[in-house]
Amino acid sequence: MTQLTLTGRILFLSTDPTIITAQLAGSDLVLSQAGKLRDDISTDEITPMPVLVHYDEKLAAYPYVGLKVGDSLPIGRNAVRSADFSVTVAGKNYGKGSSREHSPVAERAAGIQLVIAESFARIYRQNADNVGLFTSTDFSLIERIQRGESIDIAEIVGSRDTLAAAILRCGGLLRYGQQRMRSVSALAPSLDSHQPKTLFEKILARHAIKTDDVDGALQHGSGAFVRADWRFIVDYYTGMCAHMLHSSFGTPLVLHQPEAIVTFEDHLSYAERSPMHATNGLLPDLRGLSIAHRTFVKDYGLRSHGHLRDDWAHGAEGISHPIMTETYALPGQVLVGTDSHTPHSGSLGCVAFGVGTTDMANAFVTGAVRITVPQVMRVELTGPIPAGVTAKDIVLYLLAHQDIKAGVGAGRVFEFGGSAVTLMSTDERATLTNMTAELGGFTGIVAPDAETVRFLRERRDVEFIIEPWMCSDPGANYAHVITVNCAKLTPMVALPGDPGNGIPLHQLSDRVEVDIAYGGSCTAGKREDFDHYHAVLSWAAKHDLRVADGVKLYLQFGTIAVRDYCMAQGYMAAFEAVGAEILQPSCGSCANCGPGASTASDQITVSAINRNFPGRSGPGQVWLASPPTVVASAIAGELISFEELCQRYTHQTASA
């Protein structure tokens with residue numbers, strides 16, 4: 001195929017719901033009539049969580065069903081396919097958020113052949129390439145398409161790197177792999193000792209792979225393949241991955257180094273208690289996902305971290321990201337997983353990043369993982385961290401930073417360093433690297449140090465020796481530097497709708513009453529997070545305080561190792577004394593798949609999860625906060641920091 005002929009209509013995703021409704025009813029518009037285009041359309045909106053029960057042609061019915069415009073969801077089931085659209089047009093940062101490949105697959109299955117936007121999130125655009133969905137930032141194409149012109153493929157891919165262009169010309173990554181990856185070889189690292197390099201660049205150079213189209217040069221902006229030390233997949237995506245692999249290569253497959261593949265059932269282990277899935281009749285489809293996952297694991301003898309019991313009401317061994325850090329990842333390695341929060345393991349000084357299902361399918365059979373080589377930026381965190389301020393507060397501050405708002409972090413590696421990072425535990429560092437996904441980055445990394453060695457020895461009984469090369473060189477080049485004096489920070493919250501809506505809590509004049517408080521997820525279900533929960537709740541228990549009337553507090557462990565730690569520390573008594581409900585490990589409400597998710601649009605949640613896009617954790621409004629702020633708010637019944645809660649209690653006691 002040398003030309004793209006687009007005979008369908010153009011769908012402008014406007015900020016005005018009436019404009020979208022008119023297009024669905026048959027009105028054809030030109031760009032000037034579309035009004036302001038929606039920015040920051042997330043994959044949670046393109047294909048909401050309930051849609052992920054499908055992984056084949058059924059997805060054609062669902063693109064954009066979660067798109068929120070004002071207070072409405074104007075695009076219903078089958079609307080895009082029925083209206084014969086072939087082009088979608090949107091604003092900035094299209095496809096942000098989750099790595100779910102269901103989004104471009106659903107668009108393509110519904111007839112969309114080209115998405116035009118001002119800019120794209122990295123994982124979304126790579127996923128689109130991989131399934132043969134064309135993307136462009138050239139708005140001049142719109143008028144030409146409406147005149148009936150065919151567009152030369154070379155023109156659409158002309159601004160892309162050589163590898164992306166080759167994949168698109170082949171019709172997607174798996175076809176590319178069949179045609180162009182017959183010969184794959186690892187390269188010996190070629191590090192110029194006279195050129196200072198970042199730790200990320202050094203690790204990448206040690207994992208570079210040469211193929212027919214890439215020579216392993218690893219130039220910024222170029223397409224490349226690297227060898228992964230670990231590849232992992234979660235239950236929501238295994239069925240799609242298996243379907244892709246078996247459709248392309250038949251059965252049985254020959255997997256590359258299957259001993260280095262890890263599988264997780266972490267999203268669906270509380271599905272029986274998920275109102276969204278139960279009330280919408282989706283449980284049979286979820287069981288189908290579980291069956292597909294377990295069948296693939298069994299057929300190929302893969303490492304598995306599954307449910308604690310063979311049902312959907314008692315949790316799992318743990319969430320993929322903390323388990324990878326607690327069990328597998330080591331400094332200097334490369335990890336890839338089918339989830340955008342894979343950078344969690346960058347806290348140990350490795351390169352860890354999320355990929356889509358097709359990327360993982362290709363990696364399963366070749367061992368090679370596709371990347372577009374990113375630039376590295378430095379986040380220098382200085383000064384002592386005040387009491388009551390956590391890594392989550394620091395990330396929420398960064399998300400609201402003017403440089404991040406301006407897009408300087410998009411697609412880049414975030415290297416976290418400075419005196420404040422040196423004093424952080426690995427658990428807190430993992431919060432920083434985990435939420436690189438929300439910062440718009442490719443991954444996050446912290447150079448290994450004495451704290452890393454301590455963590456590996458005490459948590460994993462591994463005596464790790466840091467090699468001299470495992471650091472960034474003095475004089476290494478950074479695309480951008482952000483410096484934050486952490487001593488000036490105070491507890492933060494992020495208003496509903498986007499993690500970037502951050503504000504210091506003390507500046508919030510109207511304290512919002514909450515219905516649900518949730519502490520857990522990969523971001524906030526670690527040991528140190530539970531240290532914070534316990535510090536607040538043990539204080540509350542000693543002062544005969546309980547969770548406020550009308551509020552439900554859920555605390556969910558990230559892994560069974562965290563659960564066992566809390567039991568050994570004697571934390572459970574305080575949790576039970578204040579009325580918290582304790583949940584076994586699972587992604588749970590963060591994925592709108594378990595207790596803690598809202599069930600009505602008027603409910604207010606304060607949550608320690610990592611993102612609060614519309615519909616992410618139920619139909620209600622989600623405020624993001626740190627672990628101590630979440631549980632303090634549960635006690636007060638409204639948004640409040642632990643320090644403010646203590647002051648309020650002291651004042652009330654003195655007044656009495």
# chains A, B, ... in the order shown; residues from 1 in each chain; ligands from 1

$ closest_atom_pairs --of "segment 560-613 of chain A" --to "segment 299-318 of chain A" --cutoff "8 Å" --atoms "only C-alpha atoms" --output "CSV"
residue,atom,partner,partner_atom,distance
A:Ile560,CA,A:Glu317,CA,5.6
A:Leu583,CA,A:Gly315,CA,7.4
A:Gln584,CA,A:Gly315,CA,4.8
A:Pro585,CA,A:Gly318,CA,5.0
A:Ser586,CA,A:Gly315,CA,5.6

$ select_by_dssp --residues "segment 231-478 of chain A" --states "helix (DSSP H, G or I)" --output "JSON, numbers by chain"
{"A": [235, 236, 237, 238, 239, 240, 241, 242, 243, 244, 245, 246, 247, 248, 249, 258, 259, 260, 271, 272, 273, 275, 276, 277, 278, 279, 283, 284, 285, 286, 287, 288, 289, 290, 291, 292, 293, 294, 295, 296, 297, 298, 299, 300, 320, 321, 322, 323, 324, 325, 326, 327, 328, 342, 343, 344, 345, 346, 347, 348, 357, 358, 359, 360, 361, 362, 363, 364, 365, 366, 391, 392, 393, 394, 395, 396, 397, 398, 399, 402, 403, 404, 405, 419, 420, 421, 422, 426, 427, 428, 429, 430, 431, 432, 433, 434, 436, 437, 438, 439, 450, 451, 452, 453, 454, 455, 456, 457, 458, 459, 460]}

$ write_last_selection --atoms "C-alpha atoms" --output "tab-separated table (two decimals), in the first residue's frame"
chain	number	residue	atom	x	y	z
A	235	ASP	CA	-4.63	-10.44	33.18
A	236	TYR	CA	-6.43	-7.69	31.28
A	237	TYR	CA	-4.09	-8.08	28.29
A	238	THR	CA	-3.07	-11.75	28.11
A	239	GLY	CA	-6.14	-12.79	26.12
A	240	MET	CA	-5.51	-10.11	23.48
A	241	CYS	CA	-1.81	-11.00	23.37
A	242	ALA	CA	-2.51	-14.71	22.92
A	243	HIS	CA	-5.13	-13.95	20.26
A	244	MET	CA	-2.63	-11.81	18.32
A	245	LEU	CA	0.18	-14.35	18.59
A	246	HIS	CA	-1.85	-17.38	17.63
A	247	SER	CA	-3.56	-15.53	14.76
A	248	SER	CA	-0.16	-14.49	13.38
A	249	PHE	CA	2.03	-17.49	14.14
A	258	PRO	CA	10.01	-18.08	28.59
A	259	GLU	CA	11.77	-18.28	31.96
A	260	ALA	CA	12.14	-14.47	31.82
A	271	ALA	CA	-14.26	-8.53	40.36
A	272	GLU	CA	-17.14	-10.16	42.24
A	273	ARG	CA	-17.22	-7.05	44.43
A	275	PRO	CA	-20.51	-2.96	41.19
A	276	MET	CA	-19.65	-1.69	37.72
A	277	HIS	CA	-18.95	-5.19	36.41
A	278	ALA	CA	-21.63	-7.01	38.40
A	279	THR	CA	-24.53	-4.66	37.61
A	283	LEU	CA	-18.67	-10.97	35.03
A	284	PRO	CA	-18.95	-13.74	32.40
A	285	ASP	CA	-16.69	-11.70	30.11
A	286	LEU	CA	-14.20	-11.18	32.95
A	287	ARG	CA	-14.17	-14.90	33.58
A	288	GLY	CA	-13.33	-15.30	29.92
A	289	LEU	CA	-10.33	-13.01	30.40
A	290	SER	CA	-9.21	-15.07	33.40
A	291	ILE	CA	-9.59	-18.31	31.49
A	292	ALA	CA	-7.61	-16.93	28.54
A	293	HIS	CA	-4.87	-15.73	30.91
A	294	ARG	CA	-4.61	-19.00	32.80
A	295	THR	CA	-4.69	-21.07	29.63
A	296	PHE	CA	-1.78	-19.15	28.13
A	297	VAL	CA	0.19	-19.44	31.37
A	298	LYS	CA	-0.42	-23.18	31.59
A	299	ASP	CA	0.24	-23.92	27.92
A	300	TYR	CA	3.66	-22.26	28.02
A	320	SER	CA	2.65	-6.52	39.21
A	321	HIS	CA	4.77	-3.40	39.77
A	322	PRO	CA	5.66	-3.80	43.45
A	323	ILE	CA	6.18	-7.54	42.97
A	324	MET	CA	8.61	-6.87	40.13
A	325	THR	CA	10.53	-4.56	42.48
A	326	GLU	CA	10.28	-6.88	45.49
A	327	THR	CA	11.20	-10.05	43.59
A	328	TYR	CA	12.80	-9.65	40.16
A	342	THR	CA	5.94	-0.21	34.88
A	343	PRO	CA	8.49	2.60	35.65
A	344	HIS	CA	7.87	1.71	39.33
A	345	SER	CA	10.99	-0.51	39.19
A	346	GLY	CA	13.12	2.41	38.04
A	347	SER	CA	13.43	3.08	41.77
A	348	LEU	CA	16.11	0.36	41.80
A	357	THR	CA	-0.06	-5.66	23.81
A	358	THR	CA	1.40	-5.94	20.30
A	359	ASP	CA	4.80	-4.80	21.57
A	360	MET	CA	4.64	-7.48	24.24
A	361	ALA	CA	3.48	-10.12	21.78
A	362	ASN	CA	6.44	-9.31	19.55
A	363	ALA	CA	8.77	-9.33	22.57
A	364	PHE	CA	7.46	-12.75	23.62
A	365	VAL	CA	8.62	-14.32	20.35
A	366	THR	CA	11.73	-12.22	19.61
A	391	ALA	CA	6.80	11.47	47.69
A	392	LYS	CA	3.17	11.59	46.53
A	393	ASP	CA	2.99	15.26	47.49
A	394	ILE	CA	6.21	15.89	45.57
A	395	VAL	CA	4.78	14.24	42.44
A	396	LEU	CA	1.53	16.19	42.69
A	397	TYR	CA	3.60	19.36	42.99
A	398	LEU	CA	5.62	18.38	39.90
A	399	LEU	CA	2.44	17.61	37.95
A	402	GLN	CA	4.63	25.15	34.92
A	403	ASP	CA	7.34	23.28	33.00
A	404	ILE	CA	5.42	20.01	33.17
A	405	LYS	CA	2.22	21.81	32.21
A	419	SER	CA	19.81	15.44	48.49
A	420	ALA	CA	16.10	14.80	49.09
A	421	VAL	CA	16.16	11.65	46.96
A	422	THR	CA	19.25	10.40	48.78
A	426	THR	CA	13.12	2.78	47.94
A	427	ASP	CA	9.36	2.68	48.53
A	428	GLU	CA	9.17	6.46	48.31
A	429	ARG	CA	11.45	6.53	45.26
A	430	ALA	CA	9.06	4.04	43.64
A	431	THR	CA	6.23	6.57	44.01
A	432	LEU	CA	8.31	9.07	42.03
A	433	THR	CA	9.19	6.66	39.22
A	434	ASN	CA	5.74	5.01	39.16
A	436	THR	CA	6.34	9.19	35.64
A	437	ALA	CA	3.36	7.88	33.68
A	438	GLU	CA	1.25	10.81	34.90
A	439	LEU	CA	4.13	13.23	34.27
A	450	ALA	CA	23.48	2.48	49.60
A	451	GLU	CA	19.69	2.59	50.07
A	452	THR	CA	19.26	0.31	47.03
A	453	VAL	CA	21.77	-2.16	48.47
A	454	ARG	CA	19.93	-2.08	51.82
A	455	PHE	CA	16.57	-2.69	50.15
A	456	LEU	CA	17.83	-5.66	48.13
A	457	ARG	CA	19.54	-7.19	51.16
A	458	GLU	CA	16.70	-6.71	53.66
A	459	ARG	CA	13.73	-7.32	51.38
A	460	ARG	CA	15.18	-9.94	49.03

$ residues_around --residues "Asn477 of chain A" --least-positions-apart "6" --cutoff "10 Å" --atoms "only C-alpha atoms" --output "PyMOL selection string"
chain A and resi 195-198+375-378

$ residues_around --residues "segment 128-144 of chain A" --least-positions-apart "5" --cutoff "6 Å" --atoms "only C-alpha atoms" --output "PyMOL selection string"
chain A and resi 104+113-118+149+168+171-173

$ write_last_selection --atoms "N, CA and C atoms" --output "mmCIF file, in the first residue's frame"
data_model
loop_
_atom_site.group_PDB
_atom_site.id
_atom_site.type_symbol
_atom_site.label_atom_id
_atom_site.label_comp_id
_atom_site.auth_asym_id
_atom_site.auth_seq_id
_atom_site.Cartn_x
_atom_site.Cartn_y
_atom_site.Cartn_z
ATOM 1 N N PRO A 104 -6.492 2.062 20.329
ATOM 2 C CA PRO A 104 -6.323 2.110 18.873
ATOM 3 C C PRO A 104 -6.926 0.913 18.156
ATOM 4 N N GLN A 113 -9.109 5.087 10.246
ATOM 5 C CA GLN A 113 -7.823 4.762 9.627
ATOM 6 C C GLN A 113 -6.729 5.768 9.961
ATOM 7 N N LEU A 114 -7.158 6.969 10.377
ATOM 8 C CA LEU A 114 -6.196 8.040 10.650
ATOM 9 C C LEU A 114 -6.701 8.889 11.811
ATOM 10 N N VAL A 115 -5.802 9.174 12.766
ATOM 11 C CA VAL A 115 -6.098 10.104 13.854
ATOM 12 C C VAL A 115 -5.174 11.307 13.692
ATOM 13 N N ILE A 116 -5.767 12.491 13.649
ATOM 14 C CA ILE A 116 -5.005 13.734 13.546
ATOM 15 C C ILE A 116 -5.165 14.482 14.865
ATOM 16 N N ALA A 117 -4.062 14.851 15.479
ATOM 17 C CA ALA A 117 -4.101 15.584 16.740
ATOM 18 C C ALA A 117 -2.892 16.502 16.814
ATOM 19 N N GLU A 118 -2.978 17.485 17.695
ATOM 20 C CA GLU A 118 -1.856 18.419 17.843
ATOM 21 C C GLU A 118 -0.624 17.712 18.408
ATOM 22 N N GLU A 149 -9.002 13.709 -1.863
ATOM 23 C CA GLU A 149 -7.646 13.311 -2.240
ATOM 24 C C GLU A 149 -7.212 12.057 -1.485
ATOM 25 N N LEU A 168 4.629 0.891 9.941
ATOM 26 C CA LEU A 168 3.365 1.314 9.352
ATOM 27 C C LEU A 168 3.217 0.814 7.915
ATOM 28 N N GLY A 171 2.005 -2.621 7.846
ATOM 29 C CA GLY A 171 0.660 -2.856 8.360
ATOM 30 C C GLY A 171 0.616 -3.189 9.833
ATOM 31 N N GLY A 172 1.721 -2.971 10.563
ATOM 32 C CA GLY A 172 1.747 -3.235 11.999
ATOM 33 C C GLY A 172 2.981 -3.999 12.417
ATOM 34 N N LEU A 173 3.189 -4.078 13.732
ATOM 35 C CA LEU A 173 4.433 -4.631 14.262
ATOM 36 C C LEU A 173 4.580 -6.125 14.039
#

$ residues_around --residues "Ala83 of chain A" --least-positions-apart "2" --cutoff "10 Å" --atoms "only C-alpha atoms" --output "PDB file with C-alpha atoms, in the first residue's frame"
ATOM      1  CA  GLY A   8     -15.390   7.834   5.345  1.00  0.00           C
ATOM      2  CA  ARG A   9     -16.295  10.944   7.263  1.00  0.00           C
ATOM      3  CA  ILE A  10     -14.226  13.048   9.687  1.00  0.00           C
ATOM      4  CA  LEU A  11     -15.137  13.121  13.375  1.00  0.00           C
ATOM      5  CA  GLN A  23     -21.837  14.878  13.591  1.00  0.00           C
ATOM      6  CA  LEU A  24     -23.173  11.555  14.855  1.00  0.00           C
ATOM      7  CA  ALA A  25     -26.543  12.536  13.383  1.00  0.00           C
ATOM      8  CA  GLY A  26     -24.994  13.079   9.943  1.00  0.00           C
ATOM      9  CA  ASN A  78     -21.704   1.531  17.882  1.00  0.00           C
ATOM     10  CA  ALA A  79     -22.003   5.282  17.200  1.00  0.00           C
ATOM     11  CA  VAL A  80     -18.653   5.650  15.414  1.00  0.00           C
ATOM     12  CA  ARG A  81     -18.977   2.542  13.302  1.00  0.00           C
ATOM     13  CA  PHE A  85     -16.151   7.799  10.180  1.00  0.00           C
ATOM     14  CA  SER A  86     -12.617   7.094   8.950  1.00  0.00           C
ATOM     15  CA  ALA A 110     -14.691   0.813  13.981  1.00  0.00           C
ATOM     16  CA  GLY A 111     -13.321   2.120  10.676  1.00  0.00           C
TER      17      GLY A 111
END

$ closest_residue --among "A:Ile156, A:Ala476, A:Ala352, A:Leu553" --to "Gly520 of chain A" --atoms "only C-alpha atoms"
A:Leu553

$ closest_residue --among "A:Gly388, A:Cys522, A:Gly441, A:Ser589" --to "Leu645 of chain A" --atoms "only C-alpha atoms"
A:Gly388
